[in-house]
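Here is the file coords.pdb (PDB, C-alpha atoms and all ligand atoms).
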```
ATOM      1  CA  MET A  52    -137.237 -38.955 -93.266
ATOM      2  CA  ASN A  53    -135.853 -35.818 -91.652
ATOM      3  CA  ARG A  54    -136.553 -32.621 -93.614
ATOM      4  CA  LEU A  55    -134.397 -30.203 -91.661
ATOM      5  CA  ARG A  56    -131.279 -28.841 -93.339
ATOM      6  CA  PHE A  57    -128.735 -26.966 -91.234
ATOM      7  CA  ASN A  58    -125.897 -24.935 -92.673
ATOM      8  CA  PHE A  59    -123.576 -24.085 -89.796
ATOM      9  CA  SER A  60    -121.544 -21.732 -92.009
ATOM     10  CA  GLU A  61    -124.572 -19.351 -91.879
ATOM     11  CA  CYS A  62    -124.726 -19.319 -88.063
ATOM     12  CA  VAL A  63    -123.667 -16.020 -86.444
ATOM     13  CA  HIS A  64    -121.210 -17.921 -84.238
ATOM     14  CA  VAL A  65    -119.050 -18.604 -87.275
ATOM     15  CA  TYR A  66    -118.420 -14.869 -87.627
ATOM     16  CA  TYR A  67    -118.655 -13.947 -83.970
ATOM     17  CA  LYS A  68    -117.874 -16.824 -81.643
ATOM     18  CA  ASP A  69    -119.054 -14.973 -78.533
ATOM     19  CA  SER A  70    -122.480 -14.047 -79.913
ATOM     20  CA  SER A  71    -125.207 -14.696 -77.352
ATOM     21  CA  CYS A  72    -127.589 -16.088 -79.985
ATOM     22  CA  ASN A  73    -129.139 -19.393 -78.978
ATOM     23  CA  LEU A  74    -132.603 -18.829 -80.434
ATOM     24  CA  CYS A  75    -132.664 -22.203 -82.197
ATOM     25  CA  VAL A  76    -131.864 -24.047 -78.947
ATOM     26  CA  LYS A  77    -134.428 -21.999 -76.997
ATOM     27  CA  VAL A  78    -137.299 -22.493 -79.453
ATOM     28  CA  CYS A  79    -136.798 -26.199 -80.192
ATOM     29  CA  PRO A  80    -139.611 -28.179 -78.500
ATOM     30  CA  VAL A  81    -137.675 -31.459 -78.469
ATOM     31  CA  GLU A  82    -134.955 -31.801 -75.861
ATOM     32  CA  GLY A  83    -131.596 -32.532 -77.426
ATOM     33  CA  ALA A  84    -132.696 -32.081 -81.044
ATOM     34  CA  VAL A  85    -130.601 -28.949 -81.460
ATOM     35  CA  ILE A  86    -127.648 -28.436 -79.170
ATOM     36  CA  GLN A  87    -124.984 -25.832 -78.613
ATOM     37  CA  LYS A  88    -121.616 -26.902 -77.263
ATOM     38  CA  ASP A  89    -119.186 -24.044 -76.682
ATOM     39  CA  TYR A  90    -120.137 -21.947 -79.667
ATOM     40  CA  ARG A  91    -120.909 -24.736 -82.117
ATOM     41  CA  VAL A  92    -124.536 -25.570 -82.937
ATOM     42  CA  SER A  93    -125.529 -29.013 -84.196
ATOM     43  CA  VAL A  94    -128.722 -30.956 -84.906
ATOM     44  CA  ASN A  95    -129.509 -34.514 -83.839
ATOM     45  CA  SER A  96    -131.568 -35.633 -86.825
ATOM     46  CA  LYS A  97    -132.783 -38.724 -84.945
ATOM     47  CA  LYS A  98    -134.562 -36.525 -82.400
ATOM     48  CA  CYS A  99    -135.635 -33.659 -84.680
ATOM     49  CA  VAL A 100    -139.302 -33.844 -85.787
ATOM     50  CA  SER A 101    -138.930 -31.413 -88.733
ATOM     51  CA  CYS A 102    -141.386 -28.920 -87.224
ATOM     52  CA  GLY A 103    -139.373 -25.959 -88.545
ATOM     53  CA  ALA A 104    -139.535 -23.809 -85.390
ATOM     54  CA  CYS A 105    -135.777 -23.220 -85.670
ATOM     55  CA  VAL A 106    -136.254 -22.179 -89.317
ATOM     56  CA  GLY A 107    -138.616 -19.422 -88.206
ATOM     57  CA  ALA A 108    -136.407 -18.341 -85.290
ATOM     58  CA  CYS A 109    -132.879 -18.202 -86.721
ATOM     59  CA  PRO A 110    -131.965 -14.612 -87.679
ATOM     60  CA  SER A 111    -129.347 -15.731 -90.198
ATOM     61  CA  GLU A 112    -131.397 -18.353 -92.084
ATOM     62  CA  ALA A 113    -129.054 -21.194 -91.169
ATOM     63  CA  PHE A 114    -131.979 -23.666 -91.238
ATOM     64  CA  SER A 115    -134.340 -24.707 -94.011
ATOM     65  CA  LEU A 116    -136.824 -27.503 -94.650
ATOM     66  CA  SER A 117    -136.371 -29.680 -97.690
ATOM     67  CA  GLY A 118    -139.663 -29.902 -99.615
ATOM     68  CA  PHE A 119    -141.129 -26.753 -98.111
ATOM     69  CA  ASP A 120    -141.187 -23.648-100.319
ATOM     70  CA  VAL A 121    -142.441 -20.618 -98.418
ATOM     71  CA  ASP A 122    -142.737 -18.491-101.593
ATOM     72  CA  ALA A 123    -144.929 -21.124-103.259
ATOM     73  CA  LEU A 124    -147.094 -21.186-100.123
ATOM     74  CA  PHE A 125    -147.532 -17.414-100.162
ATOM     75  CA  LYS A 126    -148.768 -17.540-103.763
ATOM     76  CA  THR A 127    -151.716 -19.702-102.640
ATOM     77  CA  LEU A 128    -152.827 -17.214 -99.964
ATOM     78  CA  LYS A 129    -154.693 -14.961-102.395
ATOM     79  CA  GLU A 130    -157.077 -17.849-103.031
ATOM     80  CA  GLU A 131    -157.348 -19.086 -99.440
ATOM     81  CA  PRO A 132    -155.772 -16.801 -96.793
ATOM     82  CA  LEU A 133    -155.411 -19.565 -94.215
ATOM     83  CA  LEU A 134    -152.305 -21.089 -92.642
ATOM     84  CA  SER A 135    -152.735 -24.413 -90.892
ATOM     85  CA  CYS A 136    -150.459 -27.297 -89.873
ATOM     86  CA  LYS A 137    -153.159 -29.613 -91.222
ATOM     87  CA  LYS A 138    -153.118 -28.010 -94.649
ATOM     88  CA  ASN A 139    -150.094 -26.126 -95.835
ATOM     89  CA  LEU A 140    -147.120 -25.885 -93.447
ATOM     90  CA  PRO A 141    -145.448 -28.123 -90.832
ATOM     91  CA  CYS A 142    -146.111 -25.758 -87.920
ATOM     92  CA  LEU A 143    -147.141 -22.088 -87.743
ATOM     93  CA  SER A 144    -143.839 -21.443 -85.954
ATOM     94  CA  THR A 145    -141.977 -22.285 -89.197
ATOM     95  CA  LEU A 146    -142.606 -18.691 -90.332
ATOM     96  CA  SER A 147    -140.432 -15.812 -89.176
ATOM     97  CA  VAL A 148    -141.845 -12.374 -88.344
ATOM     98  CA  GLU A 149    -140.658 -11.183 -91.782
ATOM     99  CA  ASP A 150    -142.428 -14.156 -93.421
ATOM    100  CA  ILE A 151    -145.689 -13.241 -91.692
ATOM    101  CA  VAL A 152    -145.433  -9.639 -92.865
ATOM    102  CA  THR A 153    -144.754 -10.856 -96.422
ATOM    103  CA  ALA A 154    -147.635 -13.344 -96.266
ATOM    104  CA  VAL A 155    -150.119 -10.610 -95.339
ATOM    105  CA  ILE A 156    -148.813  -8.126 -97.921
ATOM    106  CA  ASN A 157    -148.723 -10.771-100.694
ATOM    107  CA  GLY A 158    -152.104 -12.191 -99.721
ATOM    108  CA  GLY A 159    -153.731  -8.767-100.021
ATOM    109  CA  SER A 160    -156.122  -9.568 -97.159
ATOM    110  CA  ASP A 161    -156.086 -10.656 -93.518
ATOM    111  CA  VAL A 162    -154.350 -14.031 -93.171
ATOM    112  CA  VAL A 163    -155.709 -16.468 -90.581
ATOM    113  CA  PHE A 164    -153.311 -18.476 -88.410
ATOM    114  CA  ASP A 165    -155.280 -21.515 -87.294
ATOM    115  CA  THR A 166    -154.080 -22.388 -83.778
ATOM    116  CA  GLY A 167    -156.967 -24.824 -83.179
ATOM    117  CA  GLN A 168    -154.588 -27.811 -83.284
ATOM    118  CA  CYS A 169    -151.990 -26.440 -80.853
ATOM    119  CA  LYS A 170    -153.545 -27.636 -77.601
ATOM    120  CA  ASP A 171    -153.645 -31.256 -78.821
ATOM    121  CA  CYS A 172    -150.153 -31.160 -80.284
ATOM    122  CA  PHE A 173    -147.214 -32.562 -78.355
ATOM    123  CA  ILE A 174    -145.182 -29.608 -79.609
ATOM    124  CA  GLY A 175    -148.000 -27.219 -78.642
ATOM    125  CA  THR A 176    -145.503 -25.386 -76.421
ATOM    126  CA  LEU A 177    -144.811 -23.302 -79.520
ATOM    127  CA  LEU A 178    -148.152 -21.473 -79.252
ATOM    128  CA  GLU A 179    -146.612 -18.690 -77.180
ATOM    129  CA  GLU A 180    -143.896 -18.255 -79.821
ATOM    130  CA  ILE A 181    -146.528 -18.102 -82.593
ATOM    131  CA  ASN A 182    -148.590 -15.467 -80.729
ATOM    132  CA  LYS A 183    -145.479 -13.377 -80.114
ATOM    133  CA  LYS A 184    -144.440 -13.415 -83.771
ATOM    134  CA  VAL A 185    -147.939 -12.570 -84.991
ATOM    135  CA  ASP A 186    -148.046  -9.585 -82.589
ATOM    136  CA  GLU A 187    -144.655  -8.363 -83.828
ATOM    137  CA  ALA A 188    -145.671  -8.790 -87.475
ATOM    138  CA  ASN A 189    -148.916  -6.862 -86.907
ATOM    139  CA  TYR A 190    -146.964  -4.062 -85.260
ATOM    140  CA  ILE A 191    -144.698  -3.831 -88.332
ATOM    141  CA  LEU A 192    -147.718  -3.934 -90.685
ATOM    142  CA  GLU A 193    -149.300  -1.071 -88.754
ATOM    143  CA  LYS A 194    -146.100   0.981 -88.996
ATOM    144  CA  LEU A 195    -145.936   0.265 -92.734
ATOM    145  CA  GLY A 196    -149.485   1.568 -93.136
ATOM    146  CA  VAL A 197    -150.833  -1.817 -94.280
ATOM    147  CA  GLU A 198    -154.486  -2.313 -93.304
ATOM    148  CA  ASN A 199    -154.524  -6.113 -93.303
ATOM    149  CA  ARG A 200    -153.376  -8.233 -90.385
ATOM    150  CA  ALA A 201    -152.343 -11.725 -89.350
ATOM    151  CA  ILE A 202    -155.259 -13.092 -87.302
ATOM    152  CA  ILE A 203    -155.053 -15.897 -84.732
ATOM    153  CA  GLU A 204    -158.144 -18.129 -84.769
ATOM    154  CA  ASP A 205    -158.988 -21.498 -83.201
ATOM    155  CA  LEU A 206    -160.538 -22.877 -86.390
ATOM    156  CA  LYS A 207    -159.147 -26.399 -86.231
ATOM    157  CA  ALA A 208    -159.320 -26.733 -89.999
ATOM    158  CA  ALA A 209    -159.571 -30.389 -91.005
ATOM    159  CA  PRO A 210    -157.329 -31.989 -93.605
ATOM    160  CA  GLU A 211    -158.998 -33.463 -96.698
ATOM    161  CA  GLU A 212    -160.281 -37.010 -96.177
ATOM    162  CA  LYS A 213    -157.659 -38.581 -98.448
ATOM    163  CA  THR A 214    -154.774 -36.974 -96.607
ATOM    164  CA  GLU A 215    -156.327 -37.716 -93.198
ATOM    165  CA  ASN A 216    -156.342 -41.443 -94.044
ATOM    166  CA  ARG A 217    -152.662 -41.232 -95.001
ATOM    167  CA  ARG A 218    -151.929 -39.417 -91.744
ATOM    168  CA  ARG A 219    -153.647 -42.141 -89.673
ATOM    169  CA  SER A 220    -151.780 -44.972 -91.328
ATOM    170  CA  PHE A 221    -148.525 -43.025 -91.017
ATOM    171  CA  LEU A 222    -149.025 -42.426 -87.282
ATOM    172  CA  LYS A 223    -149.905 -46.077 -86.670
ATOM    173  CA  ASN A 224    -146.311 -46.894 -87.539
ATOM    174  CA  PHE A 225    -144.681 -44.289 -85.354
ATOM    175  CA  GLY A 226    -146.861 -43.444 -82.350
ATOM    176  CA  LYS A 227    -147.069 -40.197 -80.395
ATOM    177  CA  ALA A 228    -143.408 -39.219 -80.692
ATOM    178  CA  ALA A 229    -143.943 -38.639 -84.397
ATOM    179  CA  ALA A 230    -146.844 -36.190 -83.980
ATOM    180  CA  GLY A 231    -144.663 -33.286 -85.118
ATOM    181  CA  LEU A 232    -144.097 -35.092 -88.393
ATOM    182  CA  THR A 233    -147.755 -35.361 -89.362
ATOM    183  CA  PHE A 234    -147.568 -32.489 -91.803
ATOM    184  CA  TRP A 235    -145.039 -34.411 -93.849
ATOM    185  CA  ALA A 236    -147.504 -37.278 -94.067
ATOM    186  CA  LEU A 237    -150.084 -34.862 -95.456
ATOM    187  CA  MET A 238    -147.942 -33.298 -98.159
ATOM    188  CA  PRO A 239    -149.674 -33.902-101.491
ATOM    189  CA  GLY A 240    -147.617 -36.310-103.564
ATOM    190  CA  PHE A 241    -145.068 -36.747-100.802
ATOM    191  CA  LEU A 242    -143.365 -40.130-100.483
ATOM    192  CA  LEU A 243    -142.664 -41.127 -96.894
TER
HETATM  193  S1  LIG B   1    -137.059 -28.672 -86.834
HETATM  194 FE1  LIG B   1    -138.115 -28.526 -84.820
HETATM  195  S2  LIG B   1    -137.438 -30.366 -83.695
HETATM  196 FE2  LIG B   1    -135.987 -30.092 -85.415
HETATM  197  S3  LIG B   1    -134.259 -28.932 -84.550
HETATM  198 FE3  LIG B   1    -135.707 -27.437 -85.487
HETATM  199  S4  LIG B   1    -137.073 -26.801 -83.792
HETATM  200 FE4  LIG B   1    -136.012 -28.696 -83.134
HETATM  201  S1  LIG B   2    -130.494 -19.290 -84.131
HETATM  202 FE1  LIG B   2    -129.194 -19.378 -86.005
HETATM  203  S2  LIG B   2    -127.591 -17.836 -85.651
HETATM  204 FE2  LIG B   2    -128.534 -18.262 -83.634
HETATM  205  S3  LIG B   2    -127.259 -19.918 -82.729
HETATM  206 FE3  LIG B   2    -128.920 -20.926 -83.825
HETATM  207  S4  LIG B   2    -128.079 -21.372 -85.883
HETATM  208 FE4  LIG B   2    -126.756 -19.814 -84.943
END
```

As structure tokens, what does this structure read like?
Amino acid sequence: MNRLRFNFSECVHVYYKDSSCNLCVKVCPVEGAVIQKDYRVSVNSKKCVSCGACVGACPSEAFSLSGFDVDALFKTLKEEPLLSCKKNLPCLSTLSVEDIVTAVINGGSDVVFDTGQCKDCFIGTLLEEINKKVDEANYILEKLGVENRAIIEDLKAAPEEKTENRRRSFLKNFGKAAAGLTFWALMPGFLL
């Protein structure tokens, strides 16, 4: 099931047709999943893997992911300041620069971005995007006088055994093309 929700009425092109914004098209790791024809942006939900990279890139919040609550996620960071696509979000690129700043401030400590899975991920092309956003967020945190930082680490945190079994049986049905969807197979209590 596709989790991406797109509200074109929020896109900057609705207000300013000639805007040069095409960040969603540029960041999307799947060819043809998000397209821009003339000024109009649209999503091909059959191709989209619900990674959320467009959610984290769009400056006008035109995209969201059904079933993913970033505020609820941030509340858990005080207990475990770790963000991982095998534990608590579809892809690290789902977060915007502002989200990363908020995560660190709310968490009250350094927050680790586990990029250990990126090199084995078929949408691992997003690693550069993740590094860039973390750098920008840390710059803002420094300017705000916040001591804590977002830290990139190759931890490769493992999912719990129960969820890993669900992930394997899920992937058996779909093959490699569905790798970007694995987070949704891991969501506690999620029906696929
Ligand atoms: S969720 Fe991922 S695959 Fe789908 S349109 Fe956005 S960036 Fe592309
Ligand atoms: S990133 Fe957002 S504002 Fe920019 S073109 Fe895409 S939907 Fe529109």

Open item on the list: For a quick check of understanding, using all atoms listed in the file, which of A:Asn157, A:Asn189, A:Thr145, A:Ser117 has the smallest distance to Cys105 in chain A?
Closed with: A:Thr145

TODO: Select the residues contacting ligand LIG 1 (chain B) at a distance of at most 10 Å, based on only C-alpha atoms and all ligand atoms, then format the selection as JSON, numbers by chain.
DONE: {"A": [53, 54, 55, 56, 57, 74, 75, 76, 77, 78, 79, 80, 81, 82, 83, 84, 85, 86, 93, 94, 95, 96, 97, 98, 99, 100, 101, 102, 103, 104, 105, 106, 107, 108, 109, 114, 115, 116, 141, 142, 144, 145, 174, 177, 231, 232]}

For those residues, write C-alpha atoms to a file as a short mmCIF file (atom, residue, chain, number, x, y, z; two decimals), in the coordinates of the input.
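And here's selection-v8.cif as it stands now:
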```
data_model
loop_
_atom_site.label_atom_id
_atom_site.label_comp_id
_atom_site.auth_asym_id
_atom_site.auth_seq_id
_atom_site.Cartn_x
_atom_site.Cartn_y
_atom_site.Cartn_z
CA ASN A 53 -135.85 -35.82 -91.65
CA ARG A 54 -136.55 -32.62 -93.61
CA LEU A 55 -134.40 -30.20 -91.66
CA ARG A 56 -131.28 -28.84 -93.34
CA PHE A 57 -128.74 -26.97 -91.23
CA LEU A 74 -132.60 -18.83 -80.43
CA CYS A 75 -132.66 -22.20 -82.20
CA VAL A 76 -131.86 -24.05 -78.95
CA LYS A 77 -134.43 -22.00 -77.00
CA VAL A 78 -137.30 -22.49 -79.45
CA CYS A 79 -136.80 -26.20 -80.19
CA PRO A 80 -139.61 -28.18 -78.50
CA VAL A 81 -137.68 -31.46 -78.47
CA GLU A 82 -134.96 -31.80 -75.86
CA GLY A 83 -131.60 -32.53 -77.43
CA ALA A 84 -132.70 -32.08 -81.04
CA VAL A 85 -130.60 -28.95 -81.46
CA ILE A 86 -127.65 -28.44 -79.17
CA SER A 93 -125.53 -29.01 -84.20
CA VAL A 94 -128.72 -30.96 -84.91
CA ASN A 95 -129.51 -34.51 -83.84
CA SER A 96 -131.57 -35.63 -86.82
CA LYS A 97 -132.78 -38.72 -84.94
CA LYS A 98 -134.56 -36.52 -82.40
CA CYS A 99 -135.64 -33.66 -84.68
CA VAL A 100 -139.30 -33.84 -85.79
CA SER A 101 -138.93 -31.41 -88.73
CA CYS A 102 -141.39 -28.92 -87.22
CA GLY A 103 -139.37 -25.96 -88.54
CA ALA A 104 -139.54 -23.81 -85.39
CA CYS A 105 -135.78 -23.22 -85.67
CA VAL A 106 -136.25 -22.18 -89.32
CA GLY A 107 -138.62 -19.42 -88.21
CA ALA A 108 -136.41 -18.34 -85.29
CA CYS A 109 -132.88 -18.20 -86.72
CA PHE A 114 -131.98 -23.67 -91.24
CA SER A 115 -134.34 -24.71 -94.01
CA LEU A 116 -136.82 -27.50 -94.65
CA PRO A 141 -145.45 -28.12 -90.83
CA CYS A 142 -146.11 -25.76 -87.92
CA SER A 144 -143.84 -21.44 -85.95
CA THR A 145 -141.98 -22.28 -89.20
CA ILE A 174 -145.18 -29.61 -79.61
CA LEU A 177 -144.81 -23.30 -79.52
CA GLY A 231 -144.66 -33.29 -85.12
CA LEU A 232 -144.10 -35.09 -88.39
#
```

Give me the residues of chain A that have any atom at most 6 Å from an atom of ligand LIG 2 (chain B); for each, the nearest atom pair and the distance in Å, rounded to one decimal. Use all atoms listed in the file, sort by chain and number, and format it as JSON lines.
```
{"residue": "A:Cys62", "atom": "CA", "partner": "B:LIG2", "partner_atom": "FE4", "distance": 3.8}
{"residue": "A:Val63", "atom": "CA", "partner": "B:LIG2", "partner_atom": "S2", "distance": 4.4}
{"residue": "A:His64", "atom": "CA", "partner": "B:LIG2", "partner_atom": "FE4", "distance": 5.9}
{"residue": "A:Cys72", "atom": "CA", "partner": "B:LIG2", "partner_atom": "FE2", "distance": 4.4}
{"residue": "A:Asn73", "atom": "CA", "partner": "B:LIG2", "partner_atom": "S3", "distance": 4.2}
{"residue": "A:Leu74", "atom": "CA", "partner": "B:LIG2", "partner_atom": "S1", "distance": 4.3}
{"residue": "A:Cys75", "atom": "CA", "partner": "B:LIG2", "partner_atom": "S1", "distance": 4.1}
{"residue": "A:Cys109", "atom": "CA", "partner": "B:LIG2", "partner_atom": "S1", "distance": 3.7}
{"residue": "A:Pro110", "atom": "CA", "partner": "B:LIG2", "partner_atom": "FE1", "distance": 5.8}
{"residue": "A:Ser111", "atom": "CA", "partner": "B:LIG2", "partner_atom": "S2", "distance": 5.3}
{"residue": "A:Ala113", "atom": "CA", "partner": "B:LIG2", "partner_atom": "S4", "distance": 5.4}
```

Output, as JSON, the centre and edge lengths in Å (one decimal) of the axis-aligned box that contains all listed atoms of range 190-199 of chain A with 3 Å of margin on each side.
```
{"center_x": -149.6, "center_y": -2.3, "center_z": -89.8, "size_x": 15.8, "size_y": 13.7, "size_z": 15.0}
```

- [ ] For the structure provided, state which residues fall under the PyMOL selection byres (((chain A and resi 138) around 8) and not hetatm), and present them as a ChimeraX atom specification.
- [x] /A:134-137,139-140,208-210,234,237

Could you please take those selected residues and save C-alpha atoms as a PDB file, keeping the file's coordinate frame?
```pdb
ATOM      1  CA  LEU A 134    -152.305 -21.089 -92.642  1.00  0.00           C
ATOM      2  CA  SER A 135    -152.735 -24.413 -90.892  1.00  0.00           C
ATOM      3  CA  CYS A 136    -150.459 -27.297 -89.873  1.00  0.00           C
ATOM      4  CA  LYS A 137    -153.159 -29.613 -91.222  1.00  0.00           C
ATOM      5  CA  ASN A 139    -150.094 -26.126 -95.835  1.00  0.00           C
ATOM      6  CA  LEU A 140    -147.120 -25.885 -93.447  1.00  0.00           C
ATOM      7  CA  ALA A 208    -159.320 -26.733 -89.999  1.00  0.00           C
ATOM      8  CA  ALA A 209    -159.571 -30.389 -91.005  1.00  0.00           C
ATOM      9  CA  PRO A 210    -157.329 -31.989 -93.605  1.00  0.00           C
ATOM     10  CA  PHE A 234    -147.568 -32.489 -91.803  1.00  0.00           C
ATOM     11  CA  LEU A 237    -150.084 -34.862 -95.456  1.00  0.00           C
TER      12      LEU A 237
END
```

- [ ] Could you check which of A:Asp120, A:Asp69, A:Glu130, A:Asp205 is closest to Cys169 in chain A, using all atoms listed in the file?
- [x]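 Nearest candidate to Cys169 in chain A out of A:Asp120, A:Asp69, A:Glu130, A:Asp205: A:Asp205.
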